[in-house]
>>> print(open('final27.pdb').read())   # PDB, C-alpha atoms
ATOM      1  CA  MET A   1      22.351   1.088 -19.835
ATOM      2  CA  LEU A   2      24.482   1.073 -22.990
ATOM      3  CA  ARG A   3      24.190  -2.014 -25.203
ATOM      4  CA  ILE A   4      26.912  -2.598 -27.755
ATOM      5  CA  ASP A   5      28.047  -5.654 -29.665
ATOM      6  CA  LYS A   6      31.487  -7.109 -29.057
ATOM      7  CA  GLU A   7      32.914  -6.090 -32.417
ATOM      8  CA  ARG A   8      32.044  -2.415 -31.976
ATOM      9  CA  TYR A   9      33.116  -2.478 -28.322
ATOM     10  CA  GLU A  10      36.532  -3.800 -29.315
ATOM     11  CA  ALA A  11      36.722  -1.288 -32.182
ATOM     12  CA  ILE A  12      36.350   1.610 -29.716
ATOM     13  CA  ARG A  13      39.133   0.192 -27.570
ATOM     14  CA  ARG A  14      41.355  -0.498 -30.557
ATOM     15  CA  HIS A  15      40.948   3.103 -31.709
ATOM     16  CA  GLY A  16      42.477   4.271 -28.436
ATOM     17  CA  GLU A  17      45.414   1.895 -28.926
ATOM     18  CA  GLU A  18      45.986   3.193 -32.450
ATOM     19  CA  THR A  19      46.107   6.844 -31.419
ATOM     20  CA  TYR A  20      48.151   6.261 -28.249
ATOM     21  CA  PRO A  21      49.776   8.313 -26.710
ATOM     22  CA  HIS A  22      47.093  10.700 -27.941
ATOM     23  CA  GLU A  23      43.402  10.696 -27.063
ATOM     24  CA  CYS A  24      41.076   9.205 -29.666
ATOM     25  CA  CYS A  25      37.447  10.259 -30.076
ATOM     26  CA  GLY A  26      34.329   9.221 -31.910
ATOM     27  CA  VAL A  27      30.562   9.104 -32.027
ATOM     28  CA  LEU A  28      28.123   6.381 -31.028
ATOM     29  CA  LEU A  29      24.909   6.173 -33.057
ATOM     30  CA  GLY A  30      21.906   3.982 -32.620
ATOM     31  CA  GLN A  31      18.592   3.982 -30.836
ATOM     32  CA  MET A  32      17.274   5.039 -27.461
ATOM     33  CA  ASP A  33      14.491   3.056 -25.822
ATOM     34  CA  GLY A  34      13.662   4.284 -22.350
ATOM     35  CA  ASP A  35      16.752   3.817 -20.190
ATOM     36  CA  THR A  36      18.552   1.668 -22.766
ATOM     37  CA  LYS A  37      20.706   2.998 -25.537
ATOM     38  CA  THR A  38      21.706   0.502 -28.238
ATOM     39  CA  VAL A  39      24.734   1.217 -30.385
ATOM     40  CA  LYS A  40      24.173   0.414 -34.063
ATOM     41  CA  SER A  41      27.168   2.260 -35.547
ATOM     42  CA  ILE A  42      30.365   3.859 -34.368
ATOM     43  CA  ALA A  43      32.074   6.672 -36.233
ATOM     44  CA  ARG A  44      35.698   7.560 -35.653
ATOM     45  CA  ALA A  45      36.320  11.290 -35.552
ATOM     46  CA  GLY A  46      39.426  13.397 -35.806
ATOM     47  CA  ASN A  47      40.805  15.032 -32.675
ATOM     48  CA  THR A  48      41.230  18.716 -33.479
ATOM     49  CA  ARG A  49      43.230  19.352 -30.288
ATOM     50  CA  THR A  50      46.525  18.721 -32.037
ATOM     51  CA  ASP A  51      48.023  21.243 -29.617
ATOM     52  CA  SER A  52      47.446  18.939 -26.651
ATOM     53  CA  ALA A  53      46.222  15.599 -27.976
ATOM     54  CA  HIS A  54      47.841  13.621 -25.154
ATOM     55  CA  ASN A  55      45.257  14.963 -22.706
ATOM     56  CA  ARG A  56      42.550  16.790 -24.697
ATOM     57  CA  TYR A  57      40.102  15.976 -27.470
ATOM     58  CA  ASN A  58      37.631  17.936 -29.521
ATOM     59  CA  ILE A  59      35.428  16.807 -32.400
ATOM     60  CA  ASP A  60      34.995  19.288 -35.240
ATOM     61  CA  PRO A  61      31.273  20.192 -35.324
ATOM     62  CA  LYS A  62      31.386  20.086 -39.128
ATOM     63  CA  GLU A  63      32.506  16.458 -38.983
ATOM     64  CA  LEU A  64      29.809  15.709 -36.432
ATOM     65  CA  ILE A  65      27.151  17.218 -38.699
ATOM     66  CA  ARG A  66      28.218  14.854 -41.480
ATOM     67  CA  ILE A  67      28.230  11.869 -39.125
ATOM     68  CA  LEU A  68      24.778  12.751 -37.804
ATOM     69  CA  ARG A  69      23.388  13.289 -41.316
ATOM     70  CA  GLU A  70      24.623   9.849 -42.365
ATOM     71  CA  GLY A  71      23.161   8.408 -39.177
ATOM     72  CA  ARG A  72      19.770  10.001 -39.849
ATOM     73  CA  GLU A  73      19.734   8.382 -43.291
ATOM     74  CA  ARG A  74      20.035   5.019 -41.533
ATOM     75  CA  GLY A  75      17.413   5.894 -38.934
ATOM     76  CA  GLU A  76      20.005   6.295 -36.174
ATOM     77  CA  VAL A  77      20.412   9.084 -33.639
ATOM     78  CA  GLU A  78      23.423  10.215 -31.652
ATOM     79  CA  ILE A  79      23.457   8.300 -28.365
ATOM     80  CA  GLY A  80      26.934   9.103 -27.132
ATOM     81  CA  PHE A  81      30.595   9.734 -27.688
ATOM     82  CA  TYR A  82      33.789   7.927 -26.836
ATOM     83  CA  HIS A  83      37.342   8.958 -26.145
ATOM     84  CA  SER A  84      40.448   7.502 -24.543
ATOM     85  CA  HIS A  85      42.644   8.445 -21.607
ATOM     86  CA  PRO A  86      46.283   7.529 -22.338
ATOM     87  CA  ASP A  87      47.883   6.213 -19.129
ATOM     88  CA  HIS A  88      45.033   7.593 -17.079
ATOM     89  CA  PRO A  89      41.958   6.028 -15.451
ATOM     90  CA  ALA A  90      38.784   5.309 -17.397
ATOM     91  CA  ARG A  91      36.847   7.860 -15.386
ATOM     92  CA  TRP A  92      35.573  11.284 -16.246
ATOM     93  CA  SER A  93      37.772  14.212 -15.315
ATOM     94  CA  PRO A  94      36.742  17.736 -14.294
ATOM     95  CA  THR A  95      37.567  18.757 -17.870
ATOM     96  CA  ASP A  96      35.341  16.012 -19.256
ATOM     97  CA  LEU A  97      32.441  17.300 -17.152
ATOM     98  CA  ALA A  98      33.061  20.976 -17.879
ATOM     99  CA  GLU A  99      33.081  20.260 -21.614
ATOM    100  CA  ALA A 100      30.087  17.881 -21.641
ATOM    101  CA  HIS A 101      26.824  19.325 -22.958
ATOM    102  CA  TRP A 102      24.935  16.417 -24.528
ATOM    103  CA  PHE A 103      22.451  15.619 -21.778
ATOM    104  CA  GLY A 104      21.126  12.101 -21.876
ATOM    105  CA  CYS A 105      24.056  10.854 -23.937
ATOM    106  CA  SER A 106      26.698   8.343 -22.923
ATOM    107  CA  TYR A 107      30.313   9.354 -22.600
ATOM    108  CA  VAL A 108      32.455   6.231 -22.959
ATOM    109  CA  ILE A 109      36.045   6.387 -21.768
ATOM    110  CA  THR A 110      38.793   3.801 -22.292
ATOM    111  CA  SER A 111      42.023   3.875 -20.340
ATOM    112  CA  VAL A 112      44.955   2.951 -22.564
ATOM    113  CA  GLU A 113      47.959   1.903 -20.522
ATOM    114  CA  LYS A 114      51.300   1.812 -22.290
ATOM    115  CA  GLY A 115      49.492   1.376 -25.585
ATOM    116  CA  LYS A 116      47.066  -1.367 -24.506
ATOM    117  CA  ALA A 117      43.364  -0.786 -23.842
ATOM    118  CA  ALA A 118      42.552  -1.546 -20.224
ATOM    119  CA  LEU A 119      39.184  -0.568 -18.752
ATOM    120  CA  THR A 120      36.234   0.911 -20.660
ATOM    121  CA  ASN A 121      33.538   2.673 -18.670
ATOM    122  CA  SER A 122      30.439   4.624 -19.594
ATOM    123  CA  PHE A 123      28.909   7.653 -17.937
ATOM    124  CA  GLU A 124      25.586   9.279 -18.748
ATOM    125  CA  LEU A 125      25.369  13.057 -18.569
ATOM    126  CA  THR A 126      22.351  13.907 -16.423
ATOM    127  CA  GLY A 127      20.800  17.165 -15.262
ATOM    128  CA  SER A 128      18.846  19.932 -16.894
ATOM    129  CA  ASP A 129      21.423  22.639 -17.486
ATOM    130  CA  GLU A 130      25.036  23.662 -16.983
ATOM    131  CA  ALA A 131      24.459  24.438 -13.311
ATOM    132  CA  ASP A 132      23.278  20.979 -12.246
ATOM    133  CA  LYS A 133      24.882  18.613 -14.760
ATOM    134  CA  LYS A 134      26.687  15.527 -13.534
ATOM    135  CA  PHE A 135      27.927  12.185 -14.785
ATOM    136  CA  VAL A 136      26.278   9.011 -13.556
ATOM    137  CA  ASP A 137      27.944   5.606 -13.886
ATOM    138  CA  GLU A 138      26.262   3.601 -16.628
ATOM    139  CA  LYS A 139      26.383  -0.140 -17.190
ATOM    140  CA  ILE A 140      27.779  -1.370 -20.503
ATOM    141  CA  GLU A 141      26.242  -4.588 -21.785
ATOM    142  CA  VAL A 142      28.456  -6.176 -24.435
ATOM    143  CA  ILE A 143      26.409  -8.555 -26.557
ATOM    144  CA  PRO A 144      27.633 -11.194 -29.008
ATOM    145  CA  CYS A 145      27.879 -10.087 -32.637
ATOM    146  CA  GLY A 146      24.881 -11.024 -34.710
ATOM    147  CA  ALA A 147      22.673 -11.032 -31.638
ATOM    148  CA  ASP A 148      21.165  -7.758 -32.722
ATOM    149  CA  THR A 149      21.552  -6.396 -36.228
ATOM    150  CA  PRO A 150      24.250  -6.740 -38.881
ATOM    151  CA  VAL A 151      27.416  -4.775 -38.254
ATOM    152  CA  ARG A 152      27.714  -1.563 -40.200
ATOM    153  CA  ARG A 153      31.128   0.013 -40.510
ATOM    154  CA  LEU A 154      31.785   3.663 -40.936
TER     155      LEU A 154
ATOM    156  CA  MET B 155      10.910  36.141 -45.033
ATOM    157  CA  ALA B 156      12.957  32.965 -45.569
ATOM    158  CA  ILE B 157      11.680  29.646 -44.273
ATOM    159  CA  SER B 158      14.434  27.350 -43.012
ATOM    160  CA  LYS B 159      14.779  24.286 -40.845
ATOM    161  CA  ILE B 160      16.677  24.160 -37.573
ATOM    162  CA  LEU B 161      18.049  20.723 -36.675
ATOM    163  CA  ILE B 162      17.774  20.065 -32.957
ATOM    164  CA  PRO B 163      20.391  17.875 -31.208
ATOM    165  CA  THR B 164      19.015  15.082 -29.025
ATOM    166  CA  PRO B 165      19.717  16.800 -25.668
ATOM    167  CA  LEU B 166      17.524  19.739 -26.648
ATOM    168  CA  ARG B 167      14.586  17.809 -28.097
ATOM    169  CA  GLN B 168      12.966  17.664 -24.662
ATOM    170  CA  TYR B 169      12.275  21.392 -25.194
ATOM    171  CA  THR B 170      10.724  20.970 -28.659
ATOM    172  CA  GLY B 171       8.219  18.256 -27.827
ATOM    173  CA  LYS B 172      10.803  15.764 -29.095
ATOM    174  CA  ALA B 173      10.811  17.300 -32.567
ATOM    175  CA  PRO B 174      14.163  16.634 -34.292
ATOM    176  CA  SER B 175      13.776  19.753 -36.412
ATOM    177  CA  VAL B 176      11.722  22.926 -36.335
ATOM    178  CA  GLU B 177      10.665  25.028 -39.305
ATOM    179  CA  VAL B 178      11.313  28.711 -38.679
ATOM    180  CA  SER B 179      11.085  32.001 -40.507
ATOM    181  CA  GLY B 180      13.748  34.688 -40.521
ATOM    182  CA  GLY B 181      16.086  36.415 -42.922
ATOM    183  CA  THR B 182      19.149  35.983 -40.694
ATOM    184  CA  VAL B 183      20.435  33.324 -38.311
ATOM    185  CA  ARG B 184      19.522  35.641 -35.417
ATOM    186  CA  GLU B 185      15.932  35.946 -36.615
ATOM    187  CA  ALA B 186      15.649  32.229 -37.265
ATOM    188  CA  LEU B 187      16.908  31.402 -33.759
ATOM    189  CA  ALA B 188      14.586  34.017 -32.276
ATOM    190  CA  ASP B 189      11.670  32.373 -34.055
ATOM    191  CA  LEU B 190      12.782  29.005 -32.671
ATOM    192  CA  VAL B 191      12.860  30.359 -29.106
ATOM    193  CA  SER B 192       9.505  32.084 -29.545
ATOM    194  CA  LYS B 193       8.020  28.711 -30.498
ATOM    195  CA  HIS B 194       9.888  26.850 -27.720
ATOM    196  CA  PRO B 195      10.750  29.356 -24.957
ATOM    197  CA  ASP B 196      12.487  26.807 -22.699
ATOM    198  CA  LEU B 197      15.209  26.522 -25.308
ATOM    199  CA  GLY B 198      16.236  30.085 -24.668
ATOM    200  CA  LYS B 199      18.222  29.465 -21.518
ATOM    201  CA  GLN B 200      19.911  26.430 -23.054
ATOM    202  CA  LEU B 201      21.177  28.430 -26.015
ATOM    203  CA  TYR B 202      21.810  31.871 -24.536
ATOM    204  CA  ALA B 203      23.756  33.103 -21.518
ATOM    205  CA  GLU B 204      22.377  35.768 -19.212
ATOM    206  CA  ASP B 205      24.034  38.484 -21.281
ATOM    207  CA  GLY B 206      21.943  37.462 -24.264
ATOM    208  CA  LYS B 207      24.857  36.016 -26.237
ATOM    209  CA  LEU B 208      24.958  32.478 -27.581
ATOM    210  CA  ARG B 209      26.718  30.203 -25.109
ATOM    211  CA  ALA B 210      30.338  29.594 -26.122
ATOM    212  CA  PHE B 211      29.844  25.842 -26.480
ATOM    213  CA  VAL B 212      26.864  26.253 -28.838
ATOM    214  CA  ASN B 213      28.057  25.986 -32.437
ATOM    215  CA  VAL B 214      25.669  27.147 -35.143
ATOM    216  CA  TYR B 215      26.099  25.968 -38.696
ATOM    217  CA  LEU B 216      24.257  27.282 -41.727
ATOM    218  CA  ASN B 217      24.165  24.309 -44.070
ATOM    219  CA  ASP B 218      27.748  23.101 -43.629
ATOM    220  CA  GLU B 219      29.416  26.329 -42.607
ATOM    221  CA  ASP B 220      30.129  27.692 -39.137
ATOM    222  CA  VAL B 221      28.434  31.074 -38.880
ATOM    223  CA  ARG B 222      31.367  32.340 -36.765
ATOM    224  CA  TYR B 223      33.331  32.455 -40.010
ATOM    225  CA  MET B 224      30.535  34.136 -41.913
ATOM    226  CA  GLN B 225      28.573  37.076 -40.525
ATOM    227  CA  LYS B 226      27.854  35.313 -37.236
ATOM    228  CA  GLU B 227      24.209  35.741 -36.248
ATOM    229  CA  ALA B 228      23.785  38.352 -38.969
ATOM    230  CA  THR B 229      24.429  35.683 -41.608
ATOM    231  CA  ALA B 230      21.657  35.714 -44.208
ATOM    232  CA  VAL B 231      19.358  32.703 -44.432
ATOM    233  CA  ALA B 232      17.701  31.597 -47.668
ATOM    234  CA  ASP B 233      14.595  29.528 -48.243
ATOM    235  CA  GLY B 234      15.289  25.839 -47.681
ATOM    236  CA  ASP B 235      18.478  26.361 -45.669
ATOM    237  CA  SER B 236      19.324  24.063 -42.760
ATOM    238  CA  ILE B 237      20.628  25.499 -39.522
ATOM    239  CA  SER B 238      22.318  23.016 -37.188
ATOM    240  CA  ILE B 239      22.734  23.610 -33.470
ATOM    241  CA  VAL B 240      25.751  21.573 -32.382
ATOM    242  CA  PRO B 241      26.934  21.688 -28.778
ATOM    243  CA  SER B 242      30.671  21.114 -28.490
ATOM    244  CA  ILE B 243      32.053  17.637 -27.946
ATOM    245  CA  ALA B 244      35.304  17.925 -26.071
ATOM    246  CA  GLY B 245      37.105  16.935 -22.921
ATOM    247  CA  GLY B 246      40.202  15.130 -21.782
ATOM    248  CA  ARG B 247      41.902  13.630 -18.795
TER     249      ARG B 247
END
>>> encode(input="final27.pdb", output="C-alpha cells")
Amino acid sequence: MLRIDKERYEAIRRHGEETYPHECCGVLLGQMDGDTKTVKSIARAGNTRTDSAHNRYNIDPKELIRILREGRERGEVEIGFYHSHPDHPARWSPTDLAEAHWFGCSYVITSVEKGKAALTNSFELTGSDEADKKFVDEKIEVIPCGADTPVRRL
Amino acid sequence: MAISKILIPTPLRQYTGKAPSVEVSGGTVREALADLVSKHPDLGKQLYAEDGKLRAFVNVYLNDEDVRYMQKEATAVADGDSISIVPSIAGGR
C-alpha cells in the first residue's frame, strides 16, 4: 500500500496538468514499513525525452542522485516514481514495464485527459530479476494533511 | 589501493544484507565493482548481463559524473570517492 497525504497527492496530479501534453515525472521519497510505503516528500524531475515527451519519460540519473542525496539527509529513501499519461489510461504500458528496474518501488501513473488529471493509480514492481518482473496493482491511501508529518516541499 | 563507497539503490539492498552502501577497494570502477560482487555475489547477475558487460539500464556514477563519459569502467577511483549505482527510471504510454 502507498500512503500519501492529500497535498502531495494533488501535487503529483497537478504536475501532469502543467506538463500536458507531455509526460511529467518525479520521485517519491519516504519510508518503507513492511508492505506499506509512506510518502514524505515528492521531487519533480525533468523529462529528458524531449524527443518524444508526449509518450516517453526519462529521469536523468544525475538529477536522481541529487534528489536521493537530499532525501538521505532527511532520513528518507526512494519509495517510488510518478509520471503521467497524456490522454491515455492510468495503467502501465509494455514500455513502462520494460523500462522498470526498481523492484519493490511504486510506479504511480496519472492519466491527464485534455489537460485535466483524471485517474491516479499505483503499481508495485515485483519479481527478482528482469526475466520475472511484473507490476502488481497497489492501493493508494490518501490521508488528510497534518495527519502524519509536516509537509516538506522540494 | 583506493577505498571508496558504493551506494546501493533500494531494489538491490536485498543482496547486500540491506546495507545502503558498501565499502570497497579498487583503483578503477571495474575493480571497485568486482570487489562489491565478490562481497555480495548475488549482485552479479543484477548488474551484469551474460556477456559480462554492465546491463544497459545500470548507470554508474563516480561522485557526480557518469562514467560513460569518462573512461567507463576503467575510470580511476580515489580514496573517499562515492560510486552510485542508478538503474534507469524511464517509461511511457
>>> residues_around(input="final27.pdb", residues="stretch 21-23 of chain A", least_positions_apart="5", cutoff="6 Å", atoms="all atoms listed in the file", output="ChimeraX atom specification")
/A:53-54,84-86
>>> closest_atom_pairs(input="final27.pdb", of="chain A", to="chain B", cutoff="6 Å", atoms="only C-alpha atoms", output="tab-separated table")
residue	atom	partner	partner_atom	distance
A:Asn55	CA	B:Gly246	CA	5.1
A:Arg56	CA	B:Gly246	CA	4.1
A:Tyr57	CA	B:Ala244	CA	5.4
A:Asn58	CA	B:Ala244	CA	4.2
A:Ile59	CA	B:Ile243	CA	5.6
A:His85	CA	B:Arg247	CA	5.9
A:Ser93	CA	B:Arg247	CA	5.4
A:Thr95	CA	B:Gly245	CA	5.4
A:Asp96	CA	B:Gly245	CA	4.2
A:Glu99	CA	B:Gly245	CA	5.4
A:Trp102	CA	B:Pro165	CA	5.4
A:Phe103	CA	B:Pro165	CA	4.9
>>> atom_distance(input="final27.pdb", atom1="atom CA of B:Ser158", atom2="atom CA of B:Thr182")
10.1 Å
>>> residues_around(input="final27.pdb", residues="A:Met32", least_positions_apart="4", cutoff="10 Å", atoms="all atoms listed in the file", output="list of chain:residue names")
A:Met1, A:Leu2, A:Thr36, A:Lys37, A:Thr38, A:Val39, A:Glu76, A:Val77, A:Glu78, A:Ile79, A:Gly104, A:Cys105
>>> residues_around(input="final27.pdb", residues="A:Asp87", least_positions_apart="3", cutoff="7 Å", atoms="only C-alpha atoms", output="ChimeraX atom specification")
/A:111-114
>>> residues_around(input="final27.pdb", residues="stretch 230-236 of chain B", least_positions_apart="6", cutoff="7 Å", atoms="all atoms listed in the file", output="list in words")
Ala156, Ile157, Ser158, Lys159, Ile160, Gly181, Thr182, Val183, Leu216 and Asn217 of chain B
>>> write_last_selection(input="final27.pdb", atoms="C-alpha atoms", output="PDB file, keeping the file's coordinate frame")
ATOM      1  CA  ALA B 156      12.957  32.965 -45.569  1.00  0.00           C
ATOM      2  CA  ILE B 157      11.680  29.646 -44.273  1.00  0.00           C
ATOM      3  CA  SER B 158      14.434  27.350 -43.012  1.00  0.00           C
ATOM      4  CA  LYS B 159      14.779  24.286 -40.845  1.00  0.00           C
ATOM      5  CA  ILE B 160      16.677  24.160 -37.573  1.00  0.00           C
ATOM      6  CA  GLY B 181      16.086  36.415 -42.922  1.00  0.00           C
ATOM      7  CA  THR B 182      19.149  35.983 -40.694  1.00  0.00           C
ATOM      8  CA  VAL B 183      20.435  33.324 -38.311  1.00  0.00           C
ATOM      9  CA  LEU B 216      24.257  27.282 -41.727  1.00  0.00           C
ATOM     10  CA  ASN B 217      24.165  24.309 -44.070  1.00  0.00           C
TER      11      ASN B 217
END
>>> axis_aligned_box(input="final27.pdb", around="stretch 118-128 of chain A", padding_each_side="6 Å", output="lines of an AutoDock Vina configuration file")
center_x = 30.7
center_y = 9.2
center_z = -18.0
size_x = 35.7
size_y = 33.5
size_z = 17.4
>>> atom_distance(input="final27.pdb", atom1="atom CA of A:Ala100", atom2="atom CA of A:Gly127")
11.3 Å
>>> resolve_selection(input="final27.pdb", expression="the PyMOL selection byres ((chain A and resi 68) around 10)", output="PDB file with C-alpha atoms, keeping the file's coordinate frame")
ATOM      1  CA  VAL A  27      30.562   9.104 -32.027  1.00  0.00           C
ATOM      2  CA  LEU A  28      28.123   6.381 -31.028  1.00  0.00           C
ATOM      3  CA  LEU A  29      24.909   6.173 -33.057  1.00  0.00           C
ATOM      4  CA  ALA A  43      32.074   6.672 -36.233  1.00  0.00           C
ATOM      5  CA  LYS A  62      31.386  20.086 -39.128  1.00  0.00           C
ATOM      6  CA  GLU A  63      32.506  16.458 -38.983  1.00  0.00           C
ATOM      7  CA  LEU A  64      29.809  15.709 -36.432  1.00  0.00           C
ATOM      8  CA  ILE A  65      27.151  17.218 -38.699  1.00  0.00           C
ATOM      9  CA  ARG A  66      28.218  14.854 -41.480  1.00  0.00           C
ATOM     10  CA  ILE A  67      28.230  11.869 -39.125  1.00  0.00           C
ATOM     11  CA  ARG A  69      23.388  13.289 -41.316  1.00  0.00           C
ATOM     12  CA  GLU A  70      24.623   9.849 -42.365  1.00  0.00           C
ATOM     13  CA  GLY A  71      23.161   8.408 -39.177  1.00  0.00           C
ATOM     14  CA  ARG A  72      19.770  10.001 -39.849  1.00  0.00           C
ATOM     15  CA  GLU A  73      19.734   8.382 -43.291  1.00  0.00           C
ATOM     16  CA  ARG A  74      20.035   5.019 -41.533  1.00  0.00           C
ATOM     17  CA  GLU A  76      20.005   6.295 -36.174  1.00  0.00           C
ATOM     18  CA  VAL A  77      20.412   9.084 -33.639  1.00  0.00           C
ATOM     19  CA  GLU A  78      23.423  10.215 -31.652  1.00  0.00           C
TER      20      GLU A  78
ATOM     21  CA  PRO B 163      20.391  17.875 -31.208  1.00  0.00           C
TER      22      PRO B 163
END
>>> residues_around(input="final27.pdb", residues="A:Lys133", least_positions_apart="3", cutoff="9 Å", atoms="all atoms listed in the file", output="MDAnalysis selection string")
chainID A and resid 97 100:101 103 125:130
>>> closest_residue(input="final27.pdb", among="A:Ile42, A:Thr120, A:Asp33, A:Pro89", to="A:Ala11", atoms="all atoms listed in the file")
A:Ile42
>>> atom_distance(input="final27.pdb", atom1="atom CA of A:Tyr82", atom2="atom CA of A:Val108")
4.4 Å
>>> resolve_selection(input="final27.pdb", expression="the PyMOL selection byres ((chain B and resi 227) around 7)", output="list in words")
Thr182, Val183, Arg184, Val221, Gln225, Lys226, Ala228 and Thr229 of chain B
>>> resolve_selection(input="final27.pdb", expression="the PyMOL selection byres ((chain B and resi 196) around 12)", output="list in words")
Ser128 and Asp129 of chain A; Leu166, Arg167, Gln168, Tyr169, Thr170, Gly171, Leu190, Val191, Ser192, Lys193, His194, Pro195, Leu197, Gly198, Lys199, Gln200, Leu201 and Tyr202 of chain B
